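Colleague: Got a structure for you, written out below as structure tokens; questions coming shortly.
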There are 2 protein chains.
Amino acid sequence: MVIAQSGGPSMVINQSLVGAVLAARKSSRIGRILGARHGIAGILAGDYIDLRKPTAAKLEAIAATPGSALGSVRKKPTPEDCRKIFEAFKRRKVGYFFYIGGNDSADAARIVAEEAEKDGYPLVCYHIPKTIDNDLRTCDHTPGFGSAARFVASALKGDDLDNRALGGVKIDIIMGRDAGFLTAASALARVRKDDGPHLIYLPERPFSLDGFVSDVQAAMKKFGRCVVAVSEGIREADGTPIAARFANGERDSHGNLQLSGTGALGDALAAHLKANAGISRVRADTFGYLQRSFPGVASKTDQKEARAAGAAAVKAALAGKLAKGTIAIVRAKGKAYKVTFEAQPIANAAKYTRSVPDAFISANGHDVTKAFLDYARPIVGPLPPCEVF
Amino acid sequence: MVIAQSGGPSMVINQSLVGAVLAARKSSRIGRILGARHGIAGILAGDYIDLRKPTAAKLEAIAATPGSALGSVRKKPTPEDCRKIFEAFKRRKVGYFFYIGGNDSADAARIVAEEAEKDGYPLVCYHIPKTIDNDLRTCDHTPGFGSAARFVASALKGDDLDNRALGGVKIDIIMGRDAGFLTAASALARVRKDDGPHLIYLPERPFSLDGFVSDVQAAMKKFGRCVVAVSEGIREADGTPIAARFANGERDSHGNLQLSGTGALGDALAAHLKANAGISRVRADTFGYLQRSFPGVASKTDQKEARAAGAAAVKAALAGKLAKGTIAIVRAKGKAYKVTFEAQPIANAAKYTRSVPDAFISANGHDVTKAFLDYARPIVGPLPPCEVF
């Protein structure tokens with residue numbers, strides 16, 4: 001078997017890798033376990049790690065480490081790439097291929113699987129879900145989201161305390177190109193009635209600079225200060241991303257505009273408030289890559305589920321139910337939090353994403369509902385306690 | 001007694017507050033313990049919290065919470081402010097005044113103390129050290145620094161793993177207007193030979209954009225990727241801050257340029273590299289206020305010492321050694337890490353700051369020495385372990 005990681009790293013993508021490797025080690029039907037470095041690129045270059053070698057202790061240490069331990073890539077395979085992949089797989093007698101990543105990675109795995117079918121190359125191909133954006137249509141929530149959300153909610157708790165001390169407006173820009181789940185998770189920071197974030201803007205609702213100014217002025221009147229959580233993906237009514245006005249226009253091979261790794265959106269919103277809202281102290285932070293990489297803040301539930309998702313993919317592949325599969329995460333109905341892992345056709349996870357459902361967004365369009373908090377809390381887990389006078 | 005907090009919050013400034021309050025509660029010579037909200041501003045407005053009321057459990061919870069629980073302010077008192085302060089103090093029979101903060105706050109406390117002396121108002125006035133910048137001349141290291149440094153080093157560990165996965169250049173902008181201690185602490189993230197940060201730029205050495213480009217190109221050649229830690233305060237050979245080219249020019253009442261709460265410096269450096277270094281993937285994050293406010297990452301040593309510094313100020317004030325004091329933190333010579341807390345004249349901590357000493361900066365000007373790592377490690381404490389293949 002070959003396993004690889006793709007797309008943005010997360011705090012728990014290595015849990016999925018280790019979950020799959022440990023499950024594979026238990027099966028007599030799998031010979032070599034090869035980890036391709038940097039996803040599809042490593043397969044094309046023949047760059048592999050022998051994943052039977054590391055000790056259990058080493059694997060556990062890798063599992064607990066943020067980042068993609070095999071290296072990652074953002075690459076959509078061409079049919080020609082696929083021919084080369086199958087030649088390489090044939091030489092190495094590869095029958096199973098596991099690809100851990102988000103929807104673009106699922107789509108890459110789908111392309112590989114469909115091309116293999118066309119070519120008559122016998123390949124069982126599974127996508128293992130991962131994305132801090134929480135936007136896979138197959139998953140109640142995706143591995144990686146709970147931990148990134150725990151970082152965001154913790155950060156907002158600290159930031160709200162900082163804003164209590166010095167006042168004014170604080171804007172925090174949070175990852176999530178098309179889906180606002182991670183920005184919504186900022187609401188978990190609240191314990192007291194006057195805790196921030198006081199305003200939450202998601203890409204799922206149109207954003208207007210005029211509405212922003214009046215929302216902030218109203219919050220300043222009510223709380224004497226204002227903490228704002230803003231998704232990097234906020235957009236105008238016609239769908240134009242607000243960040244597109246300021247970003248450098250760089251796009252990846254899947255056509256996605258670069259939104260992270262730049263403070264331009266936060267700076268622009270802060271400047272707009274200073275100029276138009278009559279507020280002197282306005283600060284903006286862009287949380288950036290820390291949201292997916294900061295060590296020591298992962299959600300325990302997220303770690304456990306990411307591990308289980310990796311193992312489930314190997315078990316499903318060996319069970320032979322589907323030749324082209326993805327692992328769906330399904331939440332059981334009822335009060336007690338419980339999830340199951342189910343094999344579904346890979347196309348279900350590929351390419352298209354989901355947004356924050358209407359039931360999770362408040363009527364005023366700049367907050368979340370109790371239904372969202374109930375949904376997110378067990379995934380994110382407890383946050384550091386904070387006390388005020 | 002009156003106690004207050006001033007300047008930027010930190011993860012442990014509430015430890016100092018609680019240390020002072022608990023010490024004061026033990027003395028029969030102190031009557032009311034008043035916490036002024038928002039520093040000098042709260043004294044002028046008569047806005048106090050009765051700090052005899054909170055239970056020990058509540059105080060412990062406050063101590064463990066980031067931010068300034070009393071609220072903060074950036075205000076240099078005028079002689080007229082001081083007259084009003086003494087009138088208010090007289091009405092409330094205030095004989096002891098404690099001000100927790102950095103060098104600007106020490107200077108504010110010094111002004112109050114000197115004006116009281118001029119007016120013949122009997123006031124024992126102590127400054128309690130706090131600054132994540134680590135730039136007080138009276139302290140081997142300042143309370144707040146160890147925890148902020150632990151955030152920075154943890155962040156760099158995660159960020160280095162992220163950069164390993166996807167490659168290119170990652171620039172991280174770190175707080176520290178004049179002193180590069182916090183940026184230097186990024187070096188604690190390294191365990192393996194090829195771990196980032198690969199370049200570290202401090203305000204203590206002149207920064208040139210041309211030198212930056214060639215340094216990054218050399219690192220890319222050596223490591224195939226590059227993680228850069230940059231102080232927000234880097235400056236040209238003539239002393240002009242690089243950020244001044246891009247910042248919005250806002251200044252506080254002590255005349256300090258606003259450097260934090262904007263991503264402009266990181267974005268400008270990233271754009272410069274893209275245009276001049278022939279590197280396509282360049283990202284920049286500005287860590288911003290998370291460095292001083294993120295809950296759950298405080299250094300245990302820092303927490304303990306911040307508490308002890310608060311208690312030491314009250315004890316020194318009651319002992320009557322100095323009427324205008326600050327608490328110096330002195331590290332014992334020898335291998336075992338140990339500090340003592342000593343009363344010194346308040347002027348020693350006020351206004352002027354210190355820089356990273358030459359012995360801590362590598363000869364090439366873009367790294368730190370082993371002496372710095374030995375200095376910082378016990379203050380910051382252990383970091384989350386991270387493993388790679």
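Ligands are numbered from 1 in the order shown, residues from 1 within each chain, and chains are lettered A, B, ... in the order they appear in the structure tokens.
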Quick one: which residues from chain A are at most 6 Å off chain B, using only C-alpha atoms, as a PyMOL selection string?

Modeller: chain A and resi 61-62+65+67-69+71-72+155+158+161-162+165-166+261-263+267+283-285+288+293-296+384+386-388

Colleague: Tell me, as a short mmCIF file (atom, residue, chain, number, x, y, z; two decimals) with C-alpha atoms, in the first residue's frame, which residues lie within 12 Å of B:Lys118, counting only C-alpha atoms; anything in the same chain fewer than 6 positions away does not count.

Modeller:
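Generated file (part_17.cif):
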```cif
data_model
loop_
_atom_site.label_atom_id
_atom_site.label_comp_id
_atom_site.auth_asym_id
_atom_site.auth_seq_id
_atom_site.Cartn_x
_atom_site.Cartn_y
_atom_site.Cartn_z
CA PRO B 79 1.85 67.20 37.44
CA CYS B 82 -0.62 63.97 40.29
CA ARG B 83 -2.28 66.75 42.34
CA PHE B 86 -2.93 62.94 45.93
CA ILE B 111 6.58 60.68 38.31
CA VAL B 112 3.82 60.05 40.87
#
```

Colleague: Using atom CA of B:Ala323 and atom CA of B:Asp133 as the two end points, give the distance in Å to one decimal.

Modeller: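 Interatomic distance, atom CA of B:Ala323 to atom CA of B:Asp133: 26.7 Å.
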
Colleague: Considering only C-alpha atoms, state which residue in the set B:Gly31, B:Pro203, B:Gly211, B:Gly320 is at the smallest distance from B:Val124.

Modeller: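 Closest to B:Val124, using only C-alpha atoms: B:Gly320.
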
Colleague: Report, in Å with one decimal, the straight-line distance from atom CA of B:Ala317 to atom CA of B:Tyr99.

Modeller: 12.3 Å

Colleague: If we count only C-alpha atoms and set the cut-off at 7 Å, which residues sit around A:Ala153, ignoring sequence neighbours fewer than 4 positions away in its own chain? Please answer as a list in words.

Modeller: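 Those residues are Ala149, Lys157, Ala185, Ser186, Ala187, Leu188 and Ala189 of chain A.
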
Colleague: Take the residues that were just selected and, keeping C-alpha atoms, output them as a short mmCIF file (atom, residue, chain, number, x, y, z; two decimals), in the first residue's frame.

Modeller:
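For reference, part-v3.cif as written:
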```cif
data_model
loop_
_atom_site.label_atom_id
_atom_site.label_comp_id
_atom_site.auth_asym_id
_atom_site.auth_seq_id
_atom_site.Cartn_x
_atom_site.Cartn_y
_atom_site.Cartn_z
CA ALA A 149 -11.38 25.51 16.39
CA LYS A 157 -10.71 34.10 24.98
CA ALA A 185 -16.04 28.50 16.56
CA SER A 186 -14.79 31.81 17.97
CA ALA A 187 -18.18 31.98 19.75
CA LEU A 188 -17.09 29.09 22.00
CA ALA A 189 -14.81 31.61 23.74
#
```

Colleague: At what distance in Å, to one decimal, does atom CA of B:Ile234 lie from atom CA of B:Met175?

Modeller: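 Separating atom CA of B:Met175 from atom CA of B:Ile234 is a distance of 10.5 Å.
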
Colleague: Compare B:Glu342, B:Asp215, B:Asp195, B:Asp81 by their minimum atom-to-atom distance to B:Ala309, counting only C-alpha atoms, and give me the closest one.

Modeller: B:Glu342

Colleague: Residues near B:Asp107, anyone? I mean within 6 Å using only C-alpha atoms, not counting same-chain ones fewer than 2 positions away, as a list in words.

Modeller: Asp104, Ser105, Ala109, Arg110, Ala350 and Lys351 of chain B

Colleague: Among stretch 67-282 of chain B, which ones does DSSP assign to strand (DSSP E or B) (computed from the backbone)? Answer as a ChimeraX atom specification.

Modeller: /B:96-101,124-129,139,168-174,199-201,225-231,235,241,251,257,282

Colleague: Find the residues near stretch 14-18 of chain A: any atom within 6 Å, counting only C-alpha atoms, skip ones fewer than 4 places away on the same chain, and give them as an mmCIF file with C-alpha atoms, in the first residue's frame.

Modeller:
```
data_model
loop_
_atom_site.group_PDB
_atom_site.id
_atom_site.type_symbol
_atom_site.label_atom_id
_atom_site.label_comp_id
_atom_site.auth_asym_id
_atom_site.auth_seq_id
_atom_site.Cartn_x
_atom_site.Cartn_y
_atom_site.Cartn_z
ATOM 1 C CA LEU A 22 -1.167 0.653 12.568
ATOM 2 C CA ALA A 63 0.810 11.178 15.709
ATOM 3 C CA ALA A 306 -8.563 11.459 13.211
ATOM 4 C CA ARG A 307 -6.808 8.276 14.320
ATOM 5 C CA GLY A 310 -7.289 6.519 9.235
#
```
